[in-house]
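A.B. asks: Before anything else, here's the structure in question.
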Amino acid sequence: MILPNYQVSSPLRICHYVTKKGEQRWFSLNLNTYRNTQVFVLNKVKQLYTDIMLKEIEPLPVFNKIRLTYTVYTGSSHKSDVMNWTSVVDKFFQDTMVKAGKLTDDNYQYVPEVISKFGGIDKINPRVEILIEPIN
């Protein structure tokens, strides 16, 4: 039996703060930013990410075991490491899937394979497309 695949879209940046002047402060979901950010800000960004992605994954079924493929579409032609983007998105996304009850856990028993790749440049809609493939 062939199981259907599912696709959701994740942002590459999260607005985590608006100044008194109305200026937005953006957090880039990449490892370089992640490792240099205070825990308080990281917790806020992760909660904002979870709120955004819960809407995306709400219609999905509950999965037993899945393969995840992350395809990054950056917003500029600046060459960057694909894993800098997908490592943080992967951590946040899998935690959100567990929190939403779509996965029992995010260990290798339930997510034995994760693939990351570059999809291109999209200046209008930079994102990470996440393909969810159920595994028998």
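For the structure tokens, the naming scheme is as follows: chains receive sequential letters (A, B, ...) according to their order of presentation, residues are indexed from 1 within each chain, and ligands are indexed from 1 in presentation order.
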Any chance you could list, as an MDAnalysis selection string, the residues in chain A that come up strand (DSSP E) when DSSP is run on the backbone?

C.D. replies: chainID A and resid 6:11 13:18 24:28 66:74 113:121 127:134

A.B. asks: Could those residues be written to a file, using N, CA and C atoms, as a short mmCIF file (atom, residue, chain, number, x, y, z; two decimals), in the first residue's frame?

C.D. replies:
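Saved as selection-v3.cif:
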```
data_model
loop_
_atom_site.label_atom_id
_atom_site.label_comp_id
_atom_site.auth_asym_id
_atom_site.auth_seq_id
_atom_site.Cartn_x
_atom_site.Cartn_y
_atom_site.Cartn_z
N TYR A 6 2.79 14.43 2.32
CA TYR A 6 2.22 15.71 2.73
C TYR A 6 3.31 16.77 2.65
N GLN A 7 2.91 18.00 2.36
CA GLN A 7 3.89 19.09 2.28
C GLN A 7 3.37 20.30 3.03
N VAL A 8 4.26 20.91 3.82
CA VAL A 8 3.95 22.15 4.51
C VAL A 8 5.10 23.12 4.25
N SER A 9 4.86 24.38 4.54
CA SER A 9 5.86 25.41 4.29
C SER A 9 6.21 26.10 5.61
N SER A 10 7.50 26.26 5.83
CA SER A 10 8.01 26.91 7.04
C SER A 10 8.67 28.24 6.68
N PRO A 11 8.51 29.25 7.51
CA PRO A 11 9.21 30.51 7.26
C PRO A 11 10.71 30.36 7.55
N ARG A 13 12.27 33.25 8.57
CA ARG A 13 12.46 34.30 9.58
C ARG A 13 11.18 34.46 10.37
N ILE A 14 11.35 34.87 11.64
CA ILE A 14 10.21 35.11 12.53
C ILE A 14 10.36 36.52 13.11
N CYS A 15 9.30 37.32 13.03
CA CYS A 15 9.31 38.62 13.71
C CYS A 15 9.06 38.36 15.18
N HIS A 16 10.04 38.68 16.02
CA HIS A 16 9.92 38.36 17.44
C HIS A 16 9.77 39.59 18.32
N TYR A 17 9.85 40.79 17.72
CA TYR A 17 9.79 41.99 18.55
C TYR A 17 9.46 43.18 17.66
N VAL A 18 8.62 44.08 18.15
CA VAL A 18 8.33 45.34 17.47
C VAL A 18 8.70 46.47 18.42
N GLN A 24 10.21 46.31 13.09
CA GLN A 24 10.18 44.89 13.38
C GLN A 24 11.59 44.34 13.55
N ARG A 25 11.76 43.45 14.51
CA ARG A 25 13.03 42.75 14.72
C ARG A 25 12.82 41.30 14.28
N TRP A 26 13.65 40.86 13.35
CA TRP A 26 13.50 39.55 12.76
C TRP A 26 14.58 38.60 13.26
N PHE A 27 14.18 37.36 13.49
CA PHE A 27 15.09 36.29 13.87
C PHE A 27 15.19 35.34 12.68
N SER A 28 16.38 35.18 12.13
CA SER A 28 16.60 34.22 11.04
C SER A 28 16.75 32.83 11.62
N ILE A 66 8.07 8.57 9.94
CA ILE A 66 8.14 9.44 8.76
C ILE A 66 9.58 9.71 8.32
N ARG A 67 9.68 10.09 7.07
CA ARG A 67 10.91 10.64 6.50
C ARG A 67 10.61 12.11 6.21
N LEU A 68 11.55 12.99 6.57
CA LEU A 68 11.36 14.42 6.32
C LEU A 68 12.39 14.91 5.31
N THR A 69 11.92 15.67 4.33
CA THR A 69 12.81 16.31 3.37
C THR A 69 12.58 17.81 3.43
N TYR A 70 13.66 18.54 3.73
CA TYR A 70 13.62 20.00 3.83
C TYR A 70 14.27 20.59 2.58
N THR A 71 13.52 21.43 1.86
CA THR A 71 14.05 22.11 0.68
C THR A 71 14.04 23.61 0.96
N VAL A 72 15.23 24.20 0.97
CA VAL A 72 15.40 25.61 1.32
C VAL A 72 15.34 26.49 0.08
N TYR A 73 14.53 27.54 0.16
CA TYR A 73 14.45 28.58 -0.86
C TYR A 73 14.86 29.88 -0.17
N THR A 74 16.11 30.28 -0.39
CA THR A 74 16.62 31.46 0.29
C THR A 74 16.12 32.74 -0.36
N GLU A 113 14.95 9.18 9.07
CA GLU A 113 15.66 9.78 7.94
C GLU A 113 15.24 11.23 7.75
N VAL A 114 16.24 12.10 7.64
CA VAL A 114 16.01 13.53 7.39
C VAL A 114 16.94 13.94 6.24
N ILE A 115 16.36 14.58 5.23
CA ILE A 115 17.10 15.01 4.06
C ILE A 115 17.00 16.53 3.95
N SER A 116 18.13 17.17 3.65
CA SER A 116 18.15 18.63 3.45
C SER A 116 18.71 18.93 2.07
N LYS A 117 18.06 19.89 1.38
CA LYS A 117 18.57 20.26 0.06
C LYS A 117 18.23 21.71 -0.28
N PHE A 118 18.95 22.25 -1.23
CA PHE A 118 18.75 23.61 -1.70
C PHE A 118 17.76 23.58 -2.86
N GLY A 119 16.74 24.44 -2.80
CA GLY A 119 15.72 24.46 -3.84
C GLY A 119 15.85 25.63 -4.80
N GLY A 120 16.53 26.70 -4.36
CA GLY A 120 16.68 27.87 -5.22
C GLY A 120 16.55 29.15 -4.42
N ILE A 121 16.47 30.24 -5.17
CA ILE A 121 16.34 31.57 -4.57
C ILE A 121 14.92 32.07 -4.86
N ARG A 127 11.65 30.45 2.14
CA ARG A 127 10.97 29.48 2.98
C ARG A 127 11.72 28.15 2.97
N VAL A 128 11.20 27.23 3.76
CA VAL A 128 11.63 25.84 3.71
C VAL A 128 10.38 25.01 3.45
N GLU A 129 10.37 24.30 2.33
CA GLU A 129 9.28 23.38 2.04
C GLU A 129 9.62 22.06 2.72
N ILE A 130 8.66 21.53 3.47
CA ILE A 130 8.88 20.31 4.23
C ILE A 130 7.99 19.20 3.68
N LEU A 131 8.62 18.17 3.14
CA LEU A 131 7.90 17.02 2.63
C LEU A 131 7.88 15.95 3.71
N ILE A 132 6.69 15.48 4.05
CA ILE A 132 6.50 14.47 5.08
C ILE A 132 6.05 13.19 4.39
N GLU A 133 6.90 12.16 4.47
CA GLU A 133 6.59 10.90 3.83
C GLU A 133 6.40 9.81 4.89
N PRO A 134 5.19 9.31 5.04
CA PRO A 134 4.97 8.19 5.98
C PRO A 134 5.76 6.97 5.53
#
```

A.B. asks: Quick one: pick out all helix (DSSP H, G or I) residues within chain A from a backbone DSSP run and write them as a PyMOL selection string.

C.D. replies: chain A and resi 31-35+39-57+82-99

A.B. asks: Keeping N, CA and C atoms, export the residues of the selection given above as a compact mmCIF listing (two decimals), in the first residue's frame.

C.D. replies:
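part_4.txt written:
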```txt
# COMPACT_ATOMS: atom_id res chain seq x y z
N LEU A 31 21.45 28.38 12.05
CA LEU A 31 22.29 27.97 13.17
C LEU A 31 23.22 29.09 13.64
N ASN A 32 23.69 29.93 12.74
CA ASN A 32 24.57 31.03 13.14
C ASN A 32 23.84 31.99 14.08
N THR A 33 22.62 32.33 13.76
CA THR A 33 21.82 33.20 14.63
C THR A 33 21.44 32.49 15.91
N TYR A 34 21.04 31.24 15.79
CA TYR A 34 20.59 30.45 16.93
C TYR A 34 21.66 30.37 18.02
N ARG A 35 22.90 30.08 17.63
CA ARG A 35 23.95 29.88 18.63
C ARG A 35 24.40 31.17 19.30
N VAL A 39 18.83 32.73 25.52
CA VAL A 39 17.83 31.69 25.71
C VAL A 39 16.42 32.27 25.77
N PHE A 40 16.25 33.41 26.40
CA PHE A 40 14.94 34.04 26.50
C PHE A 40 14.35 34.32 25.11
N VAL A 41 15.19 34.86 24.22
CA VAL A 41 14.75 35.17 22.85
C VAL A 41 14.47 33.87 22.10
N LEU A 42 15.33 32.87 22.26
CA LEU A 42 15.13 31.58 21.58
C LEU A 42 13.81 30.95 21.98
N ASN A 43 13.49 30.99 23.26
CA ASN A 43 12.22 30.42 23.72
C ASN A 43 11.03 31.14 23.09
N LYS A 44 11.12 32.47 23.00
CA LYS A 44 10.04 33.25 22.40
C LYS A 44 9.90 32.92 20.91
N VAL A 45 11.03 32.85 20.21
CA VAL A 45 11.00 32.54 18.78
C VAL A 45 10.44 31.14 18.54
N LYS A 46 10.86 30.18 19.36
CA LYS A 46 10.36 28.82 19.19
C LYS A 46 8.85 28.77 19.41
N GLN A 47 8.34 29.50 20.39
CA GLN A 47 6.89 29.52 20.63
C GLN A 47 6.16 30.18 19.45
N LEU A 48 6.71 31.28 18.92
CA LEU A 48 6.10 31.92 17.75
C LEU A 48 6.10 30.98 16.55
N TYR A 49 7.22 30.27 16.36
CA TYR A 49 7.31 29.30 15.27
C TYR A 49 6.24 28.21 15.44
N THR A 50 6.13 27.70 16.65
CA THR A 50 5.14 26.66 16.94
C THR A 50 3.73 27.15 16.63
N ASP A 51 3.41 28.36 17.04
CA ASP A 51 2.08 28.93 16.76
C ASP A 51 1.81 29.00 15.26
N ILE A 52 2.81 29.42 14.49
CA ILE A 52 2.67 29.51 13.02
C ILE A 52 2.46 28.12 12.42
N MET A 53 3.32 27.18 12.83
CA MET A 53 3.31 25.86 12.20
C MET A 53 2.14 24.98 12.66
N LEU A 54 1.60 25.23 13.84
CA LEU A 54 0.44 24.44 14.27
C LEU A 54 -0.71 24.59 13.29
N LYS A 55 -0.86 25.79 12.74
CA LYS A 55 -1.91 26.02 11.74
C LYS A 55 -1.65 25.21 10.47
N GLU A 56 -0.37 25.05 10.12
CA GLU A 56 0.01 24.30 8.92
C GLU A 56 -0.22 22.79 9.11
N ILE A 57 0.10 22.28 10.30
CA ILE A 57 0.06 20.83 10.49
C ILE A 57 -1.24 20.32 11.09
N VAL A 82 23.26 24.97 3.57
CA VAL A 82 21.89 24.49 3.66
C VAL A 82 21.57 24.01 5.07
N MET A 83 22.50 23.32 5.70
CA MET A 83 22.26 22.80 7.05
C MET A 83 22.13 23.91 8.09
N ASN A 84 22.72 25.09 7.84
CA ASN A 84 22.52 26.21 8.77
C ASN A 84 21.03 26.52 8.89
N TRP A 85 20.32 26.43 7.79
CA TRP A 85 18.88 26.71 7.80
C TRP A 85 18.08 25.51 8.31
N THR A 86 18.35 24.34 7.72
CA THR A 86 17.47 23.21 8.00
C THR A 86 17.66 22.62 9.40
N SER A 87 18.82 22.78 10.00
CA SER A 87 19.01 22.21 11.34
C SER A 87 18.08 22.85 12.36
N VAL A 88 17.95 24.16 12.31
CA VAL A 88 17.07 24.86 13.26
C VAL A 88 15.60 24.61 12.90
N VAL A 89 15.27 24.71 11.64
CA VAL A 89 13.89 24.44 11.21
C VAL A 89 13.50 23.01 11.58
N ASP A 90 14.41 22.05 11.36
CA ASP A 90 14.12 20.66 11.69
C ASP A 90 13.84 20.49 13.18
N LYS A 91 14.68 21.06 14.02
CA LYS A 91 14.48 20.95 15.48
C LYS A 91 13.14 21.54 15.89
N PHE A 92 12.85 22.74 15.44
CA PHE A 92 11.60 23.40 15.79
C PHE A 92 10.39 22.65 15.21
N PHE A 93 10.51 22.19 13.96
CA PHE A 93 9.38 21.53 13.31
C PHE A 93 9.05 20.20 13.97
N GLN A 94 10.07 19.38 14.22
CA GLN A 94 9.80 18.08 14.84
C GLN A 94 9.21 18.25 16.24
N ASP A 95 9.71 19.22 17.00
CA ASP A 95 9.14 19.49 18.32
C ASP A 95 7.67 19.91 18.21
N THR A 96 7.36 20.69 17.18
CA THR A 96 5.97 21.11 16.96
C THR A 96 5.08 19.92 16.59
N MET A 97 5.61 19.02 15.76
CA MET A 97 4.84 17.82 15.39
C MET A 97 4.50 16.98 16.63
N VAL A 98 5.45 16.85 17.54
CA VAL A 98 5.21 16.09 18.78
C VAL A 98 4.20 16.83 19.66
N LYS A 99 4.40 18.13 19.79
CA LYS A 99 3.48 18.93 20.62
C LYS A 99 2.05 18.85 20.10
```

A.B. asks: Please identify all polymer residues within 8 Å of Leu103 of chain A, counting only C-alpha atoms, omitting same-chain residues fewer than 4 positions from it, and present them as a compact mmCIF listing (two decimals) with N, CA and C atoms, in the first residue's frame.

C.D. replies:
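Below is the file out_15.txt, written as the result:
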```txt
# COMPACT_ATOMS: atom_id res chain seq x y z
N VAL A 62 -2.16 11.69 12.12
CA VAL A 62 -1.15 11.24 13.07
C VAL A 62 -0.25 10.23 12.34
N PHE A 63 1.05 10.36 12.53
CA PHE A 63 2.01 9.50 11.85
C PHE A 63 2.67 8.55 12.85
N ASN A 64 3.03 7.38 12.35
CA ASN A 64 3.78 6.43 13.17
C ASN A 64 5.28 6.63 12.94
N LYS A 65 5.68 6.64 11.65
CA LYS A 65 7.09 6.78 11.29
C LYS A 65 7.16 7.59 10.00
N MET A 97 5.61 19.02 15.76
CA MET A 97 4.84 17.82 15.39
C MET A 97 4.50 16.98 16.63
N VAL A 98 5.45 16.85 17.54
CA VAL A 98 5.21 16.09 18.78
C VAL A 98 4.20 16.83 19.66
N TYR A 110 10.94 7.09 15.22
CA TYR A 110 9.80 7.71 14.52
C TYR A 110 10.22 8.55 13.32
```
